[in-house]
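Asker: data_21.cif is reproduced in full below (mmCIF, C-alpha atoms).
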data_data
#
loop_
_atom_site.label_atom_id
_atom_site.label_comp_id
_atom_site.auth_asym_id
_atom_site.auth_seq_id
_atom_site.Cartn_x
_atom_site.Cartn_y
_atom_site.Cartn_z
CA MET A 668 -6.77 2.00 -13.82
CA LEU A 669 -8.11 0.08 -16.81
CA ASP A 670 -5.87 -2.88 -16.06
CA ALA A 671 -7.06 -3.00 -12.45
CA VAL A 672 -10.71 -3.03 -13.50
CA HIS A 673 -9.90 -5.63 -16.16
CA ALA A 674 -8.38 -7.91 -13.50
CA ASP A 675 -11.51 -7.47 -11.36
CA ILE A 676 -13.82 -8.28 -14.27
CA ASP A 677 -11.74 -11.37 -15.10
CA ALA A 678 -12.11 -12.56 -11.51
CA ILE A 679 -15.86 -11.90 -11.49
CA SER A 680 -16.31 -13.64 -14.82
CA SER A 681 -14.40 -16.66 -13.58
CA VAL A 682 -16.45 -16.90 -10.39
CA MET A 683 -19.73 -16.53 -12.28
CA LYS A 684 -18.80 -19.23 -14.78
CA ASP A 685 -17.46 -21.62 -12.13
CA SER A 686 -20.16 -21.19 -9.47
CA GLN A 687 -23.75 -21.53 -10.61
CA ASP A 688 -24.95 -21.15 -6.99
CA PHE A 689 -23.22 -17.76 -6.67
CA LYS A 690 -24.62 -16.61 -10.01
CA ASP A 691 -28.11 -17.81 -9.06
CA PHE A 692 -27.90 -16.00 -5.70
CA LEU A 693 -26.98 -12.66 -7.28
CA SER A 694 -29.54 -12.90 -10.08
CA ASN A 695 -32.41 -14.19 -7.90
CA PRO A 696 -35.08 -11.45 -7.70
CA THR A 697 -36.34 -12.73 -4.32
CA VAL A 698 -32.98 -12.12 -2.59
CA PRO A 699 -32.95 -8.65 -1.04
CA GLU A 700 -30.57 -6.11 -2.60
CA SER A 701 -28.90 -5.59 0.78
CA LYS A 702 -27.82 -9.25 0.93
CA LYS A 703 -26.51 -9.10 -2.63
CA LYS A 704 -24.53 -5.97 -1.80
CA GLN A 705 -23.12 -7.66 1.30
CA MET A 706 -22.01 -10.59 -0.83
CA VAL A 707 -20.41 -8.27 -3.40
CA ALA A 708 -18.69 -6.28 -0.64
CA LYS A 709 -17.27 -9.47 0.87
CA MET A 710 -16.03 -10.70 -2.50
CA ALA A 711 -14.57 -7.27 -3.29
CA SER A 712 -12.71 -6.98 0.01
CA GLU A 713 -11.31 -10.52 -0.25
CA SER A 714 -10.21 -9.93 -3.84
CA GLY A 715 -9.05 -6.32 -3.46
CA PHE A 716 -11.41 -4.95 -6.11
CA ASN A 717 -11.13 -1.40 -7.39
CA ASN A 718 -13.82 1.03 -6.16
CA TYR A 719 -15.06 1.52 -9.74
CA THR A 720 -15.74 -2.19 -10.01
CA VAL A 721 -17.60 -2.31 -6.70
CA ASN A 722 -19.68 0.75 -7.63
CA PHE A 723 -20.55 -0.79 -10.99
CA LEU A 724 -21.65 -4.06 -9.38
CA ASN A 725 -23.81 -2.12 -6.93
CA ILE A 726 -25.44 -0.26 -9.84
CA LEU A 727 -26.24 -3.60 -11.49
CA ILE A 728 -27.82 -4.74 -8.23
CA ASP A 729 -29.80 -1.48 -7.86
CA GLN A 730 -31.10 -1.83 -11.41
CA SER A 731 -31.91 -5.55 -10.97
CA ARG A 732 -29.51 -6.46 -13.79
CA MET A 733 -27.20 -8.96 -12.10
CA ASP A 734 -28.74 -11.59 -14.36
CA ALA A 735 -26.72 -10.01 -17.19
CA ILE A 736 -23.34 -10.03 -15.41
CA VAL A 737 -21.80 -12.76 -17.59
CA GLU A 738 -22.74 -10.89 -20.76
CA VAL A 739 -21.45 -7.63 -19.27
CA CYS A 740 -18.12 -9.28 -18.42
CA ASP A 741 -17.85 -10.75 -21.93
CA SER A 742 -18.60 -7.36 -23.51
CA PHE A 743 -16.05 -5.65 -21.28
CA GLU A 744 -13.43 -8.23 -22.29
CA THR A 745 -14.14 -7.60 -25.99
CA LYS A 746 -13.85 -3.82 -25.57
CA TYR A 747 -10.72 -4.15 -23.43
CA CYS A 748 -9.03 -6.26 -26.11
CA GLN A 749 -9.95 -3.71 -28.77
CA MET A 750 -8.65 -0.79 -26.69
CA THR A 751 -5.36 -2.50 -25.83
CA ASP A 752 -4.79 -4.02 -29.28
CA THR A 753 -4.93 -7.52 -27.83
CA GLN A 754 -5.52 -10.48 -30.10
CA VAL A 755 -7.47 -13.35 -28.55
CA ALA A 756 -6.50 -16.89 -29.53
CA VAL A 757 -8.55 -19.95 -28.59
CA LEU A 758 -6.17 -22.74 -27.67
CA ARG A 759 -7.76 -26.19 -27.89
CA SER A 760 -5.95 -29.10 -26.28
CA ALA A 761 -6.71 -32.65 -25.17
CA VAL A 762 -5.34 -31.95 -21.67
CA LYS A 763 -5.07 -28.86 -19.52
CA LEU A 764 -1.87 -26.99 -20.36
CA GLU A 765 0.40 -25.51 -17.71
CA GLN A 766 0.71 -21.71 -17.43
CA GLU A 767 4.27 -21.88 -18.76
CA GLN A 768 3.13 -23.77 -21.86
CA GLN A 769 0.35 -21.25 -22.47
CA PHE A 770 2.82 -18.39 -22.05
CA LEU A 771 5.23 -19.87 -24.60
CA ILE A 772 2.42 -20.40 -27.11
CA ALA A 773 1.15 -16.84 -26.59
CA LYS A 774 4.67 -15.49 -27.04
CA LYS A 775 5.13 -17.42 -30.29
CA LEU A 776 1.72 -16.26 -31.57
CA GLN A 777 2.68 -12.70 -30.73
CA GLU A 778 5.85 -13.05 -32.79
CA LEU A 779 4.05 -14.67 -35.72
CA THR A 780 1.18 -12.18 -35.85
CA LYS A 781 3.28 -9.15 -34.85
CA SER A 782 0.52 -8.24 -32.39
CA LYS A 783 1.07 -5.93 -29.46
CA ASN A 784 -0.60 -8.40 -27.06
CA VAL A 785 -1.97 -11.93 -27.33
CA LYS A 786 -4.41 -13.47 -24.88
CA ILE A 787 -4.93 -17.20 -24.76
CA LYS A 788 -8.37 -18.66 -24.04
CA PRO A 789 -7.72 -22.31 -23.21
CA VAL A 790 -10.34 -24.91 -24.14
CA VAL A 791 -9.81 -28.50 -23.06
#
Once you've parsed the file, please lay out its structure as structure tokens.
Answerer:
Amino acid sequence: MLDAVHADIDAISSVMKDSQDFKDFLSNPTVPESKKKQMVAKMASESGFNNYTVNFLNILIDQSRMDAIVEVCDSFETKYCQMTDTQVAVLRSAVKLEQEQQFLIAKKLQELTKSKNVKIKPVV
């Protein structure tokens, strides 16, 4: 269950960071809650979100707190990493690395640090 919600939160976080228009739409106080919920429902059905994730997003809309969604996603990520004993490594590179390259680096870091899990956060 936790992994499913984590995948949903990762997807939401990615969309919010990549699409300022989408973020502005959901955090705009003049947009009716019903339209925001329709947008969330569409995104959830297309992405196959867990019901817990959808319910949580609807609560944020009901409480007029969608403006804090990026911070909520970041906080969830921090807690998730703590709960799953995942070490986060920032990987800086001059060019975008392929998934395979990132995987090999994460695997080597996991061996070196003897961590249960390692998550790479790429920064170009």
Asker: Of the candidates A:Thr697, A:Ser714, A:Lys709, A:Asp691, which one gets nearest to Asp677 (chain A) if we count only C-alpha atoms?
Answerer: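 So, comparing all the options, the nearest one is A:Ser714.
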Asker: Report the distance between CA of Lys690 (chain A) and CA of Arg759 (chain A) in Å, rounded to one decimal place.
Answerer: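 According to the coordinates, CA of Lys690 (chain A) and CA of Arg759 (chain A) are separated by 26.4 Å.
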Asker: How far is it from CA of Asp675 (chain A) to CA of Ser712 (chain A), in Å with one decimal?
Answerer: 11.4 Å
Asker: With all atoms listed in the file as the counted atoms, please give the residues lying no more than 9 Å from Ala735 (chain A), apart from itself and same-chain residues fewer than 5 positions off, as an MDAnalysis selection string.
Answerer: chainID A and resid 694 727 740
Asker: I need the chosen residues saved as a compact mmCIF listing (two decimals), in the frame of the given file, with C-alpha atoms.
Answerer:
# COMPACT_ATOMS: atom_id res chain seq x y z
CA SER A 694 -29.54 -12.90 -10.08
CA LEU A 727 -26.24 -3.60 -11.49
CA CYS A 740 -18.12 -9.28 -18.42
Asker: Apply the PyMOL selection byres ((chain A and resi 788) around 8) to the structure shown and report the selected residues as a compact mmCIF listing (two decimals) with C-alpha atoms, keeping the file's coordinate frame.
Answerer:
# COMPACT_ATOMS: atom_id res chain seq x y z
CA VAL A 755 -7.47 -13.35 -28.55
CA ALA A 756 -6.50 -16.89 -29.53
CA VAL A 757 -8.55 -19.95 -28.59
CA LEU A 758 -6.17 -22.74 -27.67
CA LYS A 786 -4.41 -13.47 -24.88
CA ILE A 787 -4.93 -17.20 -24.76
CA PRO A 789 -7.72 -22.31 -23.21
CA VAL A 790 -10.34 -24.91 -24.14
Asker: Apply the PyMOL selection byres ((chain A and resi 708) around 12) to the file shown and report the selected residues as number ranges by chain.
Answerer: A: 701-707, 709-718, 720-725, 728
Asker: Hey, what's within 9 Å of region 775-784 of chain A if we count all atoms listed in the file and toss same-chain stuff fewer than 3 positions away? As a compact mmCIF listing (two decimals) with C-alpha atoms, keeping the file's coordinate frame, please?
Answerer:
# COMPACT_ATOMS: atom_id res chain seq x y z
CA CYS A 748 -9.03 -6.26 -26.11
CA THR A 751 -5.36 -2.50 -25.83
CA ASP A 752 -4.79 -4.02 -29.28
CA THR A 753 -4.93 -7.52 -27.83
CA GLN A 754 -5.52 -10.48 -30.10
CA VAL A 755 -7.47 -13.35 -28.55
CA ALA A 756 -6.50 -16.89 -29.53
CA PHE A 770 2.82 -18.39 -22.05
CA LEU A 771 5.23 -19.87 -24.60
CA ILE A 772 2.42 -20.40 -27.11
Asker: Any chance you could build region 763-781 of chain A out to N, CA, C and O atoms and write it as a short mmCIF file (atom, residue, chain, number, x, y, z; two decimals), in the coordinates of the input?
Answerer:
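Dumped everything to part.cif:
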data_model
loop_
_atom_site.label_atom_id
_atom_site.label_comp_id
_atom_site.auth_asym_id
_atom_site.auth_seq_id
_atom_site.Cartn_x
_atom_site.Cartn_y
_atom_site.Cartn_z
N LYS A 763 -5.30 -30.22 -20.01
CA LYS A 763 -5.07 -28.86 -19.52
C LYS A 763 -3.58 -28.54 -19.59
O LYS A 763 -2.74 -29.30 -19.12
N LEU A 764 -3.26 -27.40 -20.22
CA LEU A 764 -1.87 -26.99 -20.36
C LEU A 764 -1.44 -26.16 -19.16
O LEU A 764 -2.23 -25.41 -18.58
N GLU A 765 -0.17 -26.29 -18.80
CA GLU A 765 0.40 -25.51 -17.71
C GLU A 765 0.51 -24.04 -18.14
O GLU A 765 0.56 -23.74 -19.32
N GLN A 766 0.58 -23.15 -17.16
CA GLN A 766 0.71 -21.71 -17.43
C GLN A 766 1.93 -21.43 -18.29
O GLN A 766 1.88 -20.60 -19.20
N GLU A 767 3.03 -22.10 -18.01
CA GLU A 767 4.27 -21.88 -18.76
C GLU A 767 4.08 -22.25 -20.23
O GLU A 767 4.54 -21.54 -21.13
N GLN A 768 3.40 -23.35 -20.48
CA GLN A 768 3.13 -23.77 -21.86
C GLN A 768 2.27 -22.74 -22.58
O GLN A 768 2.53 -22.38 -23.73
N GLN A 769 1.23 -22.26 -21.89
CA GLN A 769 0.35 -21.25 -22.47
C GLN A 769 1.12 -19.97 -22.78
O GLN A 769 0.93 -19.35 -23.81
N PHE A 770 2.01 -19.60 -21.85
CA PHE A 770 2.82 -18.39 -22.05
C PHE A 770 3.70 -18.52 -23.29
O PHE A 770 3.79 -17.58 -24.09
N LEU A 771 4.35 -19.67 -23.45
CA LEU A 771 5.23 -19.87 -24.60
C LEU A 771 4.44 -19.84 -25.92
O LEU A 771 4.91 -19.27 -26.91
N ILE A 772 3.25 -20.42 -25.91
CA ILE A 772 2.42 -20.40 -27.11
C ILE A 772 1.98 -18.97 -27.42
O ILE A 772 2.02 -18.53 -28.57
N ALA A 773 1.57 -18.24 -26.39
CA ALA A 773 1.15 -16.84 -26.59
C ALA A 773 2.31 -16.01 -27.12
O ALA A 773 2.13 -15.18 -28.02
N LYS A 774 3.50 -16.24 -26.59
CA LYS A 774 4.67 -15.49 -27.04
C LYS A 774 4.97 -15.79 -28.52
O LYS A 774 5.25 -14.87 -29.30
N LYS A 775 4.88 -17.04 -28.90
CA LYS A 775 5.13 -17.42 -30.29
C LYS A 775 4.06 -16.83 -31.21
O LYS A 775 4.37 -16.32 -32.30
N LEU A 776 2.80 -16.87 -30.78
CA LEU A 776 1.72 -16.26 -31.57
C LEU A 776 1.94 -14.76 -31.73
O LEU A 776 1.68 -14.20 -32.80
N GLN A 777 2.41 -14.14 -30.68
CA GLN A 777 2.68 -12.70 -30.73
C GLN A 777 3.76 -12.40 -31.77
O GLN A 777 3.65 -11.45 -32.53
N GLU A 778 4.78 -13.23 -31.80
CA GLU A 778 5.85 -13.05 -32.79
C GLU A 778 5.32 -13.26 -34.20
O GLU A 778 5.62 -12.49 -35.11
N LEU A 779 4.54 -14.33 -34.39
CA LEU A 779 4.05 -14.67 -35.72
C LEU A 779 3.07 -13.64 -36.27
O LEU A 779 3.07 -13.33 -37.45
N THR A 780 2.21 -13.12 -35.41
CA THR A 780 1.18 -12.18 -35.85
C THR A 780 1.62 -10.73 -35.74
O THR A 780 0.91 -9.83 -36.19
N LYS A 781 2.77 -10.51 -35.09
CA LYS A 781 3.28 -9.15 -34.85
C LYS A 781 2.25 -8.29 -34.10
O LYS A 781 2.11 -7.10 -34.35
#
